[in-house]
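> Let me give you the structure first, and then I'll get to my questions.
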Amino acid sequence: DGGITQSPKYLFRKEGQNVTLSCEQNLNHDAMYWYRQDPGQGLRLIYYSQIVNDFQKGDIAEGYSVSREKKESFPLTVTSAQKNPTAFYLCASSWGAGGEKLFFGSGTQLSVL
Amino acid sequence: DQQVKQNSPSLSVQEGRISILNCDYTNSMFDYFLWYKKYPAEGPTFLISISSIKDKNEDGRFTVFLNKSAKHLSLHIVPSQPGDSAVYFCAASGGNSGGSNYKLTFGKGTLLTVNP
């Protein structure tokens with residue numbers, strides 16, 4: 001089955017710790033994205049990547065980092081510089097980067113201990 | 001600066017009746033609009049979209065209407081079913097300003113509850 005797999009489903013972070021959220025897709029999509037959802041808020045774009053070895057900051061990139069070494073994978077690291085990391089994180093992919101239909105993973109809930 | 005606005009946080013309708021979810025936008029460069037449906041603790045799933053060259057798009061029980069002059073779109077679900085209960089996000093993309101046509105801008109969502 002083709003799709004996007006995010007892991008883990010739940011993640012806890014201690015103060016000062018970096019954590020990495022995994023996102024893998026087997027849809028052969030070129031573009032991948034990371035969004036953050038807070039309660040009562042819409043989805044806000046953290047980072048996106050149109051092709052391998054290239055990525056761009058979204059609207060709220062501070063405190064986050066990404067890599068795109070393989071077409072299938074787009075991990076997100078939440079660094080200790082992100083002071084309010086508790087949120088629901090969503091990874092998505094699309095054929096191109098023209099703002100067309102996105103396919104989303106099932107999300108990772110990150111909480112701070 | 002919220003470019004996509006869903007002013008109703010929640011909506012409750014009876015099963016079998018019509019659900020109308022509204023969305024307003026401010027960026028006149030947007031030329032493609034989408035609706036996503038989201039259940040708790042899951043990722044959003046694509047529902048229906050419309051290009052700015054159209055004013056209506058229909059897919060089964062779901063119809064999206066676009067009024068470009070008013071910068072307004074709406075999603076109609078008829079008849080509504082209990083399984084439609086979810087959060088609905090409106091999203092928009094388009095324009096070449098700053099390369100912004102690459103991404104979607106989402107509204108805050110509307111929680112639809114369909115009562116049996």
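Quick note on naming: the chains in the structure tokens go A, B, ... in the order shown, residues restart at 1 in each chain, and ligands are numbered from 1 in order of appearance.
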Residues of chain B within 8 Å of chain A, counting only C-alpha atoms, what are they? List them as a list of chain:residue names.
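The selection requested is B:Tyr32, B:Leu34, B:Ala41, B:Glu42, B:Gly43, B:Pro44, B:Thr45, B:Phe46, B:Phe89, B:Ala92, B:Ser93, B:Gly94, B:Asn101, B:Tyr102, B:Lys103, B:Leu104, B:Thr105, B:Phe106, B:Gly107, B:Lys108, B:Gly109.
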> As JSON, numbers by chain, which residues of region 2-111 of chain A does DSSP assign to strand (DSSP E or B)?
{"A": [4, 5, 6, 7, 10, 11, 12, 13, 19, 20, 21, 22, 23, 24, 25, 31, 32, 33, 34, 35, 36, 37, 43, 44, 45, 46, 47, 48, 49, 50, 51, 54, 55, 56, 57, 64, 65, 66, 70, 73, 76, 77, 78, 87, 88, 89, 90, 91, 92, 93, 94, 103, 104, 108, 109, 110, 111]}
> Leaving out Ser111 (chain A) and any residue of its chain fewer than 4 positions from it, which residues lie within 10 Å of it when counting only C-alpha atoms, given as a ChimeraX atom specification?
/A:10-14,84-88
> Which residues are near region 71-82 of chain B? Cut-off 8 Å, only C-alpha atoms, ignore same chain within fewer than 2 positions. Put them as a PyMOL selection string.
chain B and resi 13-26+28+35+61-69+84-85+113-116
